[in-house]
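Asks: Contents of final_22.cif (mmCIF, C-alpha atoms) are given next:
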```
data_coords
#
loop_
_atom_site.group_PDB
_atom_site.id
_atom_site.type_symbol
_atom_site.label_atom_id
_atom_site.label_comp_id
_atom_site.auth_asym_id
_atom_site.auth_seq_id
_atom_site.Cartn_x
_atom_site.Cartn_y
_atom_site.Cartn_z
ATOM 1 C CA MET A 1 98.117 93.918 75.164
ATOM 2 C CA ILE A 2 94.579 92.837 76.072
ATOM 3 C CA ASP A 3 92.407 93.479 73.028
ATOM 4 C CA LEU A 4 88.727 93.958 73.852
ATOM 5 C CA PRO A 5 86.045 95.638 71.731
ATOM 6 C CA VAL A 6 85.942 98.914 73.678
ATOM 7 C CA THR A 7 83.029 101.120 72.597
ATOM 8 C CA ASP A 8 80.555 103.280 74.471
ATOM 9 C CA GLU A 9 78.351 100.201 74.702
ATOM 10 C CA GLY A 10 81.317 98.159 75.958
ATOM 11 C CA SER A 11 82.141 100.527 78.808
ATOM 12 C CA LEU A 12 81.092 99.487 82.298
ATOM 13 C CA PRO A 13 78.885 101.685 84.488
ATOM 14 C CA ALA A 14 80.844 103.070 87.433
ATOM 15 C CA ASN A 15 78.980 100.974 90.011
ATOM 16 C CA VAL A 16 79.762 97.762 88.099
ATOM 17 C CA ARG A 17 83.335 98.889 87.509
ATOM 18 C CA ASP A 18 84.014 99.601 91.168
ATOM 19 C CA GLY A 19 82.566 96.722 93.163
ATOM 20 C CA VAL A 20 80.459 93.628 93.517
ATOM 21 C CA ALA A 21 77.552 95.699 94.859
ATOM 22 C CA GLY A 22 76.988 96.887 91.270
ATOM 23 C CA ILE A 23 76.313 93.348 90.013
ATOM 24 C CA GLU A 24 72.570 92.711 89.828
ATOM 25 C CA THR A 25 71.824 89.028 90.329
ATOM 26 C CA ASP A 26 69.268 87.041 92.289
ATOM 27 C CA ASP A 27 71.950 85.809 94.693
ATOM 28 C CA ASP A 28 75.246 87.321 95.836
ATOM 29 C CA PRO A 29 77.955 86.018 93.473
ATOM 30 C CA SER A 30 81.074 84.573 95.063
ATOM 31 C CA ILE A 31 84.271 86.450 94.239
ATOM 32 C CA VAL A 32 87.166 84.295 93.052
ATOM 33 C CA SER A 33 90.563 85.998 92.882
ATOM 34 C CA ILE A 34 93.989 85.090 91.559
ATOM 35 C CA SER A 35 97.044 87.329 91.420
ATOM 36 C CA ASP A 36 100.446 87.478 89.782
ATOM 37 C CA VAL A 37 99.895 84.952 87.007
ATOM 38 C CA HIS A 38 103.013 86.421 85.329
ATOM 39 C CA GLY A 39 102.676 84.460 82.092
ATOM 40 C CA TYR A 40 102.445 81.046 83.799
ATOM 41 C CA LEU A 41 99.401 79.836 81.892
ATOM 42 C CA GLY A 42 99.461 76.231 83.123
ATOM 43 C CA ALA A 43 99.580 77.294 86.765
ATOM 44 C CA ALA A 44 96.731 79.753 86.228
ATOM 45 C CA ARG A 45 94.591 77.038 84.651
ATOM 46 C CA SER A 46 95.333 74.679 87.542
ATOM 47 C CA ALA A 47 94.442 77.353 90.100
ATOM 48 C CA LEU A 48 91.146 78.231 88.443
ATOM 49 C CA LYS A 49 90.213 74.554 88.179
ATOM 50 C CA THR A 50 90.534 74.053 91.956
ATOM 51 C CA LEU A 51 86.829 74.874 92.213
ATOM 52 C CA SER A 52 85.958 72.134 89.717
ATOM 53 C CA ASP A 53 88.103 69.700 91.713
ATOM 54 C CA HIS A 54 86.401 70.269 95.068
ATOM 55 C CA ASP A 55 82.965 68.839 95.847
ATOM 56 C CA ASP A 56 81.805 71.928 97.743
ATOM 57 C CA TYR A 57 82.147 74.337 94.813
ATOM 58 C CA ASP A 58 80.604 74.702 91.397
ATOM 59 C CA PRO A 59 83.125 75.216 88.578
ATOM 60 C CA ILE A 60 83.987 78.712 87.444
ATOM 61 C CA VAL A 61 85.601 77.473 84.214
ATOM 62 C CA SER A 62 85.357 74.530 81.865
ATOM 63 C CA THR A 63 88.092 73.087 79.660
ATOM 64 C CA ASP A 64 87.787 72.373 75.945
ATOM 65 C CA GLY A 65 89.621 69.735 73.901
ATOM 66 C CA ASP A 66 92.615 72.026 73.418
ATOM 67 C CA GLY A 67 92.943 72.693 77.129
ATOM 68 C CA ASP A 68 91.622 76.251 76.863
ATOM 69 C CA LEU A 69 89.447 77.569 79.683
ATOM 70 C CA HIS A 70 85.940 78.907 79.132
ATOM 71 C CA TRP A 71 83.548 80.680 81.451
ATOM 72 C CA ALA A 72 81.263 78.275 83.319
ATOM 73 C CA GLY A 73 80.333 80.481 86.247
ATOM 74 C CA GLY A 74 77.157 82.037 84.866
ATOM 75 C CA ASP A 75 76.000 84.794 87.220
ATOM 76 C CA ASP A 76 77.270 82.908 90.277
ATOM 77 C CA TYR A 77 80.854 84.165 90.255
ATOM 78 C CA VAL A 78 82.951 87.288 89.786
ATOM 79 C CA LEU A 79 86.568 86.554 88.838
ATOM 80 C CA VAL A 80 89.253 89.081 89.812
ATOM 81 C CA PHE A 81 92.682 88.921 88.177
ATOM 82 C CA ASN A 82 94.486 90.892 90.852
ATOM 83 C CA GLY A 83 97.320 92.385 88.818
ATOM 84 C CA ASP A 84 100.492 91.234 87.030
ATOM 85 C CA LEU A 85 99.136 89.028 84.284
ATOM 86 C CA ILE A 86 102.416 89.344 82.394
ATOM 87 C CA ASP A 87 106.238 89.105 82.513
ATOM 88 C CA ARG A 88 108.567 86.456 83.969
ATOM 89 C CA GLY A 89 106.675 83.370 82.723
ATOM 90 C CA PRO A 90 106.788 81.659 79.303
ATOM 91 C CA ASP A 91 103.298 82.352 77.895
ATOM 92 C CA ASN A 92 102.236 85.968 78.271
ATOM 93 C CA GLU A 93 100.194 85.848 75.067
ATOM 94 C CA GLY A 94 98.381 82.718 76.234
ATOM 95 C CA VAL A 95 97.450 84.339 79.548
ATOM 96 C CA ILE A 96 96.169 87.453 77.792
ATOM 97 C CA ALA A 97 94.158 85.326 75.337
ATOM 98 C CA MET A 98 92.604 83.449 78.277
ATOM 99 C CA VAL A 99 91.578 86.702 79.986
ATOM 100 C CA GLU A 100 90.163 88.130 76.745
ATOM 101 C CA ARG A 101 88.138 84.969 76.139
ATOM 102 C CA LEU A 102 86.726 84.922 79.667
ATOM 103 C CA VAL A 103 85.775 88.617 79.494
ATOM 104 C CA ARG A 104 83.875 88.000 76.266
ATOM 105 C CA GLU A 105 82.105 84.889 77.588
ATOM 106 C CA ALA A 106 81.195 86.033 81.101
ATOM 107 C CA PRO A 107 78.330 88.448 81.868
ATOM 108 C CA PRO A 108 79.441 92.111 81.864
ATOM 109 C CA GLY A 109 81.397 93.018 84.960
ATOM 110 C CA HIS A 110 82.022 89.428 86.055
ATOM 111 C CA ILE A 111 85.704 89.485 85.036
ATOM 112 C CA ARG A 112 87.722 92.216 86.731
ATOM 113 C CA VAL A 113 91.400 93.069 86.235
ATOM 114 C CA THR A 114 93.299 95.285 88.645
ATOM 115 C CA LEU A 115 96.411 97.266 87.773
ATOM 116 C CA GLY A 116 99.609 95.426 88.638
ATOM 117 C CA ASN A 117 103.011 97.034 88.534
ATOM 118 C CA HIS A 118 103.773 95.076 85.347
ATOM 119 C CA GLU A 119 100.694 96.443 83.558
ATOM 120 C CA TRP A 120 101.862 99.784 84.968
ATOM 121 C CA GLY A 121 105.166 99.073 83.176
ATOM 122 C CA VAL A 122 103.344 98.902 79.831
ATOM 123 C CA LEU A 123 101.891 102.362 80.413
ATOM 124 C CA PHE A 124 105.063 104.017 81.721
ATOM 125 C CA PRO A 125 108.042 102.518 79.853
ATOM 126 C CA ALA A 126 110.172 105.669 80.078
ATOM 127 C CA ILE A 127 110.304 105.308 83.861
ATOM 128 C CA VAL A 128 111.176 101.636 84.352
ATOM 129 C CA GLU A 129 112.812 100.754 80.989
ATOM 130 C CA TRP A 130 111.932 97.043 81.136
ATOM 131 C CA SER A 131 113.084 96.291 77.601
ATOM 132 C CA GLN A 132 113.996 92.703 78.547
ATOM 133 C CA TRP A 133 110.407 91.887 79.515
ATOM 134 C CA TYR A 134 107.161 91.507 77.631
ATOM 135 C CA SER A 135 105.751 94.667 79.237
ATOM 136 C CA GLY A 136 108.670 96.751 77.985
ATOM 137 C CA GLN A 137 108.349 95.457 74.424
ATOM 138 C CA ARG A 138 104.795 96.716 73.831
ATOM 139 C CA THR A 139 104.091 99.146 71.027
ATOM 140 C CA ASP A 140 102.480 102.553 71.299
ATOM 141 C CA ALA A 141 99.318 100.958 69.910
ATOM 142 C CA ASP A 142 99.393 98.449 72.792
ATOM 143 C CA ARG A 143 99.743 101.279 75.281
ATOM 144 C CA GLU A 144 96.853 103.186 73.693
ATOM 145 C CA ARG A 145 94.697 100.058 73.833
ATOM 146 C CA LEU A 146 95.450 99.645 77.537
ATOM 147 C CA CYS A 147 94.523 103.286 78.172
ATOM 148 C CA ARG A 148 91.172 102.696 76.475
ATOM 149 C CA LEU A 149 90.558 99.681 78.708
ATOM 150 C CA VAL A 150 91.118 101.873 81.752
ATOM 151 C CA SER A 151 88.719 104.509 80.435
ATOM 152 C CA ALA A 152 86.118 101.811 79.735
ATOM 153 C CA GLY A 153 86.414 100.379 83.257
ATOM 154 C CA HIS A 154 87.948 97.022 82.311
ATOM 155 C CA LEU A 155 91.272 97.725 84.067
ATOM 156 C CA VAL A 156 90.925 99.318 87.506
ATOM 157 C CA ALA A 157 93.038 100.418 90.448
ATOM 158 C CA ALA A 158 90.806 98.673 92.996
ATOM 159 C CA TYR A 159 87.620 96.622 93.263
ATOM 160 C CA ASP A 160 85.308 96.457 96.273
ATOM 161 C CA GLY A 161 84.288 92.998 97.487
ATOM 162 C CA TYR A 162 82.013 92.125 100.382
ATOM 163 C CA ASN A 163 84.429 92.480 103.282
ATOM 164 C CA PHE A 164 87.691 93.196 101.467
ATOM 165 C CA THR A 165 88.912 95.497 98.700
ATOM 166 C CA TYR A 166 90.958 93.941 95.891
ATOM 167 C CA ALA A 167 94.097 95.773 94.802
ATOM 168 C CA HIS A 168 97.392 94.478 93.471
ATOM 169 C CA ALA A 169 99.562 95.950 96.230
ATOM 170 C CA GLY A 170 97.146 97.919 98.391
ATOM 171 C CA LEU A 171 97.480 101.031 100.530
ATOM 172 C CA SER A 172 98.127 101.475 104.229
ATOM 173 C CA SER A 173 95.274 103.944 104.820
ATOM 174 C CA HIS A 174 91.603 104.077 103.837
ATOM 175 C CA TYR A 175 90.628 104.685 100.211
ATOM 176 C CA GLU A 176 87.499 104.570 98.063
ATOM 177 C CA PRO A 177 87.855 102.303 94.989
ATOM 178 C CA GLY A 178 85.493 104.482 92.958
ATOM 179 C CA ARG A 179 87.553 107.599 93.617
ATOM 180 C CA LEU A 180 90.828 105.877 92.767
ATOM 181 C CA ASN A 181 89.334 104.365 89.615
ATOM 182 C CA ASP A 182 88.134 107.816 88.523
ATOM 183 C CA ARG A 183 91.624 109.186 89.085
ATOM 184 C CA PHE A 184 93.168 106.282 87.178
ATOM 185 C CA ALA A 185 90.811 106.916 84.256
ATOM 186 C CA GLU A 186 91.759 110.616 84.253
ATOM 187 C CA ALA A 187 95.448 109.749 84.118
ATOM 188 C CA ALA A 188 94.900 107.186 81.340
ATOM 189 C CA THR A 189 93.020 109.741 79.232
ATOM 190 C CA THR A 190 95.878 112.230 79.562
ATOM 191 C CA LEU A 191 98.499 109.592 78.808
ATOM 192 C CA HIS A 192 96.575 108.366 75.768
ATOM 193 C CA GLY A 193 96.805 111.827 74.225
ATOM 194 C CA ALA A 194 100.570 111.971 74.710
ATOM 195 C CA ILE A 195 101.595 108.476 73.571
ATOM 196 C CA GLY A 196 103.955 108.605 70.624
ATOM 197 C CA THR A 197 104.441 112.360 70.836
ATOM 198 C CA GLU A 198 107.497 114.330 71.907
ATOM 199 C CA THR A 199 105.871 114.912 75.299
ATOM 200 C CA ASP A 200 105.288 111.204 75.997
ATOM 201 C CA ALA A 201 108.137 110.614 78.462
ATOM 202 C CA ASP A 202 107.573 113.886 80.321
ATOM 203 C CA THR A 203 103.846 113.174 80.569
ATOM 204 C CA GLN A 204 104.568 109.761 82.069
ATOM 205 C CA ARG A 205 106.702 111.324 84.807
ATOM 206 C CA GLU A 206 104.195 114.079 85.507
ATOM 207 C CA LEU A 207 101.298 111.633 85.838
ATOM 208 C CA VAL A 208 103.157 109.305 88.198
ATOM 209 C CA ASP A 209 103.910 112.289 90.424
ATOM 210 C CA GLN A 210 100.419 113.791 90.164
ATOM 211 C CA TYR A 211 98.358 110.633 90.743
ATOM 212 C CA ARG A 212 100.365 109.379 93.681
ATOM 213 C CA ARG A 213 98.017 106.925 95.398
ATOM 214 C CA VAL A 214 97.329 105.151 92.115
ATOM 215 C CA LEU A 215 100.593 105.415 90.183
ATOM 216 C CA ARG A 216 103.536 106.471 92.296
ATOM 217 C CA LEU A 217 106.653 104.390 92.926
ATOM 218 C CA GLY A 218 108.103 104.327 96.429
ATOM 219 C CA ARG A 219 111.541 103.783 97.850
ATOM 220 C CA GLN A 220 113.380 100.439 97.720
ATOM 221 C CA GLY A 221 113.042 99.935 93.975
ATOM 222 C CA GLY A 222 109.479 101.225 93.855
ATOM 223 C CA ARG A 223 108.032 98.965 96.549
ATOM 224 C CA GLY A 224 108.841 100.964 99.671
ATOM 225 C CA PHE A 225 107.223 103.796 101.604
ATOM 226 C CA GLY A 226 105.362 106.263 99.421
ATOM 227 C CA ALA A 227 104.414 103.648 96.814
ATOM 228 C CA GLY A 228 101.004 103.679 95.162
ATOM 229 C CA ILE A 229 98.392 100.949 95.005
ATOM 230 C CA ALA A 230 100.203 98.916 92.330
ATOM 231 C CA TRP A 231 103.630 98.990 93.984
ATOM 232 C CA LEU A 232 103.591 98.876 97.809
ATOM 233 C CA ASP A 233 105.259 95.778 99.270
ATOM 234 C CA PHE A 234 103.233 93.629 101.687
ATOM 235 C CA ARG A 235 105.833 94.165 104.418
ATOM 236 C CA TYR A 236 104.931 97.878 104.511
ATOM 237 C CA LEU A 237 101.221 97.257 104.996
ATOM 238 C CA PRO A 238 100.604 97.533 108.748
ATOM 239 C CA ALA A 239 98.301 95.149 110.565
ATOM 240 C CA GLU A 240 95.842 98.025 110.988
ATOM 241 C CA ALA A 241 95.662 98.675 107.221
ATOM 242 C CA PRO A 242 92.135 98.572 105.768
ATOM 243 C CA PRO A 243 90.776 95.140 104.782
ATOM 244 C CA GLN A 244 92.338 94.208 101.450
ATOM 245 C CA ILE A 245 93.212 91.242 99.275
ATOM 246 C CA VAL A 246 96.536 91.899 97.577
ATOM 247 C CA GLY A 247 99.206 90.155 95.554
ATOM 248 C CA HIS A 248 102.571 91.623 94.499
ATOM 249 C CA THR A 249 104.735 90.119 97.286
ATOM 250 C CA ARG A 250 105.597 86.449 96.835
ATOM 251 C CA GLN A 251 104.318 83.939 99.378
ATOM 252 C CA ASP A 252 104.517 80.151 99.617
ATOM 253 C CA GLN A 253 100.791 80.083 100.404
ATOM 254 C CA PRO A 254 98.130 82.764 100.984
ATOM 255 C CA VAL A 255 98.835 84.589 104.248
ATOM 256 C CA GLN A 256 96.946 87.024 106.463
ATOM 257 C CA LYS A 257 98.327 89.996 108.408
ATOM 258 C CA GLY A 258 95.664 91.838 110.355
ATOM 259 C CA ASP A 259 92.855 92.399 107.861
ATOM 260 C CA VAL A 260 95.090 92.085 104.772
ATOM 261 C CA VAL A 261 95.439 88.800 102.848
ATOM 262 C CA CYS A 262 98.229 88.294 100.298
ATOM 263 C CA GLU A 263 97.513 85.746 97.554
ATOM 264 C CA ASN A 264 100.656 85.850 95.359
ATOM 265 C CA VAL A 265 101.721 82.177 95.309
ATOM 266 C CA ILE A 266 102.233 81.077 91.699
ATOM 267 C CA ARG A 267 105.893 82.054 91.242
ATOM 268 C CA ALA A 268 107.000 80.747 94.644
ATOM 269 C CA ASN A 269 105.641 77.300 93.744
ATOM 270 C CA GLN A 270 106.939 76.957 90.192
ATOM 271 C CA ALA A 271 109.481 74.329 91.240
ATOM 272 C CA ASN A 272 106.924 72.342 93.219
ATOM 273 C CA HIS A 273 104.002 70.061 92.492
ATOM 274 C CA GLY A 274 100.968 72.023 93.605
ATOM 275 C CA GLY A 275 100.829 75.338 95.423
ATOM 276 C CA GLU A 276 98.534 77.126 92.943
ATOM 277 C CA ALA A 277 95.631 78.818 94.695
ATOM 278 C CA VAL A 278 92.618 81.077 94.428
ATOM 279 C CA LEU A 279 90.709 82.950 97.097
ATOM 280 C CA VAL A 280 86.929 82.719 97.276
ATOM 281 C CA GLU A 281 84.971 85.438 99.079
ATOM 282 C CA SER A 282 81.285 85.362 99.957
ATOM 283 C CA PRO A 283 79.423 87.813 102.205
ATOM 284 C CA ASP A 284 80.057 85.446 105.118
ATOM 285 C CA ASP A 285 83.556 84.044 104.637
ATOM 286 C CA LEU A 286 86.893 84.074 102.851
ATOM 287 C CA VAL A 287 88.722 80.847 101.997
ATOM 288 C CA SER A 288 91.624 79.776 99.840
ATOM 289 C CA LEU A 289 91.500 76.728 97.582
ATOM 290 C CA GLU A 290 95.072 75.455 97.312
ATOM 291 C CA ARG A 291 96.354 72.719 95.023
ATOM 292 C CA THR A 292 98.256 70.055 96.978
ATOM 293 C CA TYR A 293 101.313 68.157 95.723
ATOM 294 C CA ASP A 294 99.149 65.176 94.713
ATOM 295 C CA GLY A 295 96.619 67.269 92.773
ATOM 296 C CA ASP A 296 93.985 67.407 95.478
ATOM 297 C CA VAL A 297 92.527 70.679 96.783
ATOM 298 C CA HIS A 298 92.938 71.970 100.337
ATOM 299 C CA VAL A 299 90.601 74.614 101.788
ATOM 300 C CA HIS A 300 91.828 77.152 104.332
ATOM 301 C CA GLU A 301 89.578 79.698 106.048
ATOM 302 C CA PHE A 302 90.668 83.262 106.830
ATOM 303 C CA ALA A 303 89.396 85.644 109.473
ATOM 304 C CA LEU A 304 87.004 88.342 108.343
ATOM 305 C CA PRO A 305 87.748 91.969 109.261
ATOM 306 C CA GLY A 306 87.481 92.461 113.000
ATOM 307 C CA GLU A 307 87.778 88.716 113.719
ATOM 308 C CA HIS A 308 91.551 88.476 113.409
ATOM 309 C CA SER A 309 93.508 88.062 116.621
ATOM 310 C CA GLU A 310 97.249 88.547 116.869
#
```
Could you rewrite the structure in this file as structure tokens?

Replies:
Amino acid sequence: MIDLPVTDEGSLPANVRDGVAGIETDDDPSIVSISDVHGYLGAARSALKTLSDHDDYDPIVSTDGDGDLHWAGGDDYVLVFNGDLIDRGPDNEGVIAMVERLVREAPPGHIRVTLGNHEWGVLFPAIVEWSQWYSGQRTDADRERLCRLVSAGHLVAAYDGYNFTYAHAGLSSHYEPGRLNDRFAEAATTLHGAIGTETDADTQRELVDQYRRVLRLGRQGGRGFGAGIAWLDFRYLPAEAPPQIVGHTRQDQPVQKGDVVCENVIRANQANHGGEAVLVESPDDLVSLERTYDGDVHVHEFALPGEHSE
């Protein structure tokens, strides 16, 4: 479950871990985000290639003879996989291999992965018991590996962009990504020490209760009021919630409510031609690049925080 060479040298500094402000480049890199890939490798490839297929954007990936994607963004892009890489789709291993390859090829800190509720399911199998899904079939070694990725800063609760914070489900009130990522790392360290022991299941329950904003499930099957940053449904995010880019709740196309934009579109469009999309954020704007039914790419602009009118 995501195998990266995690060593002291491979760990990210906190400022790089937590937000784009920690990336030192000559120019501000654009942030490209995609959420809820859910094992649909072909759709993820199509979404990431929307930049290559539009004249106004430089490519973020290139494609080799086998169809595999490789990093082509240099220092010009940061790519955020905004939770739920796995489950539901047919090629979980292929999606994970793509993410691993891009992390290795891109400059440090230019590929970010936020905690989705399905990665959460790998860490806390005693609570959800998803034995029918890829996440619920991971070994203790897989769970330990994921804990190490959290400790090293490669899997985070939230990531700060220019005008928006990236989180899989988001929160309804203000939060600091760095603080939540520290808390997530603390929980992962504790869980790592309990995996495979007789206290494993109890430790899982204690951590979910203790680290509520990061890990807790809410009502309504986990998605309702009281849910943490990997679980809260978009419908429970009020219009006055802090500026965030989230996934988690299926949409036909990226939508905006107040200062929150939801980008989870891959599953809703599986039966259609097109519909795959990424968001692209710069200091001055936020747009979606959406694949049309005929393979073209449509650009839609969103309001920045404070610009949105009901």

Asks: Can you give me, as a list of chain:residue names, the residues this file yields under the PyMOL selection byres ((chain A and resi 267) around 8)?

Replies: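 Residues picked by the PyMOL selection byres ((chain A and resi 267) around 8): A:Asp36, A:Val37, A:His38, A:Arg250, A:Asn264, A:Val265, A:Ile266, A:Ala268, A:Asn269, A:Gln270.
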
Asks: Report the distance between CA of Ser288 in chain A and CA of Arg104 in chain A in Å, rounded to one decimal place.

Replies: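 Separation of CA of Ser288 in chain A and CA of Arg104 in chain A: 26.1 Å.
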
Asks: When distances are computed from only C-alpha atoms, which of A:Ser46, A:Asn92, A:Thr292, A:Ser30 shows the smallest separation from Gly73 in chain A?

Replies: A:Ser30

Asks: Extract, using all atoms listed in the file, all DNA, RNA and protein residues at most 7 Å from Leu41 in chain A, discarding same-chain residues fewer than 4 positions from it, and format them as a PyMOL selection string.

Replies: chain A and resi 45+91+94-95

Asks: How many Å lie between CA of Val128 in chain A and CA of Arg143 in chain A, rounded to one decimal?

Replies: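 These two atoms are separated by 14.6 Å.
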
Asks: Skip range 193-196 of chain A itself and residues of its chain fewer than 4 positions away, then list as a list of chain:residue names all residues within 9 Å of it, counting all atoms listed in the file.

Replies: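 With the cut-off at 9 Å, the set is A:Asp140, A:Ala141, A:Arg143, A:Glu144, A:Ala188, A:Thr189, A:Asp200, A:Ala201, A:Thr203, A:Gln204.
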
Asks: Could you write out the selected residues, including C-alpha atoms, as a compact mmCIF listing (two decimals), keeping the file's coordinate frame?

Replies:
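For reference, out_29.txt as written:
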```txt
# COMPACT_ATOMS: atom_id res chain seq x y z
CA ASP A 140 102.48 102.55 71.30
CA ALA A 141 99.32 100.96 69.91
CA ARG A 143 99.74 101.28 75.28
CA GLU A 144 96.85 103.19 73.69
CA ALA A 188 94.90 107.19 81.34
CA THR A 189 93.02 109.74 79.23
CA ASP A 200 105.29 111.20 76.00
CA ALA A 201 108.14 110.61 78.46
CA THR A 203 103.85 113.17 80.57
CA GLN A 204 104.57 109.76 82.07
```

Asks: When the PyMOL selection byres ((chain A and resi 74) around 9) is applied to the structure above, which residues does it catch, written out as a count of residues only?

Replies: 10

Asks: With the file shown as input, list the residues that the PyMOL selection byres ((chain A and resi 232) around 8) selects, as a list in words.

Replies: Ala169, Gly170, Leu171, Leu217, Gly218, Gly222, Arg223, Gly224, Phe225, Gly226, Ala227, Gly228, Ile229, Ala230, Trp231, Asp233, Phe234, Tyr236 and Leu237 of chain A

Asks: Of the residues A:Arg213, A:Arg205, A:Lys257, A:Arg145, which is the one nearest to Ala157 in chain A, using only C-alpha atoms?

Replies: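 Counting only C-alpha atoms, the residue closest to Ala157 in chain A is A:Arg213.
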
Asks: Mind listing whatever residues come within 10 Å of the point (91.1, 101.6, 78.8)? Use all atoms listed in the file, file coordinates, and give them as a list of chain:residue names.

Replies: A:Ile2, A:Leu4, A:Val6, A:Ser11, A:Arg143, A:Glu144, A:Arg145, A:Leu146, A:Cys147, A:Arg148, A:Leu149, A:Val150, A:Ser151, A:Ala152, A:Gly153, A:His154, A:Leu155, A:Val156, A:Phe184, A:Ala185, A:Ala188, A:Thr189, A:His192

Asks: Please, what distance in Å, to one decimal, runs between CA of His248 in chain A and CA of Asn163 in chain A?

Replies: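 Interatomic distance here is 20.2 Å.
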
Asks: Looking at only C-alpha atoms, which of A:Arg17, A:His54, A:His168, A:Arg183 is the one that sits closest to Asp84 in chain A?

Replies: A:His168

Asks: Need to verify the contact set: Asp259 in chain A, 9 Å, all atoms listed in the file, exclusion of same-chain residues closer than 2 positions in sequence. Can you return it as a PyMOL selection string?

Replies: chain A and resi 164+239-245+256-257+261+303-308

Asks: For Val287 in chain A, which residue among A:Phe124, A:Tyr40, A:Tyr159, A:Tyr57 is the nearest when counting all atoms listed in the file?

Replies: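 With all atoms listed in the file as the atom set, the closest residue is A:Tyr57.
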
Asks: Can you work out which one of A:Asn181, A:Asn272, A:Gln251, A:Thr190 has the shortest atom-to-atom distance to Val16 in chain A, counting all atoms listed in the file?

Replies: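 Checking each of A:Asn181, A:Asn272, A:Gln251, A:Thr190 against Val16 in chain A, counting all atoms listed in the file, the winner is A:Asn181.
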
Asks: Go through A:Gln210, A:Val103, A:Phe302, A:Pro177 one by one, measure the shortest atom-to-atom distance of each to Asp284 in chain A using only C-alpha atoms, and give the residue with the smallest value.

Replies: A:Phe302

Asks: Can you list, as a PyMOL selection string, every protein, DNA or RNA residue that comes within 6 Å of Ile111 in chain A when you count only C-alpha atoms, leaving out same-chain residues fewer than 3 positions away?

Replies: chain A and resi 78-80+103

Asks: Excluding Gly67 in chain A and its own-chain neighbours fewer than 3 positions away, which residues fall within 10 Å of it when counting all atoms listed in the file? Please give them as a list in words.

Replies: Gly42, Arg45, Ser62, Thr63, Asp64 and His70 of chain A
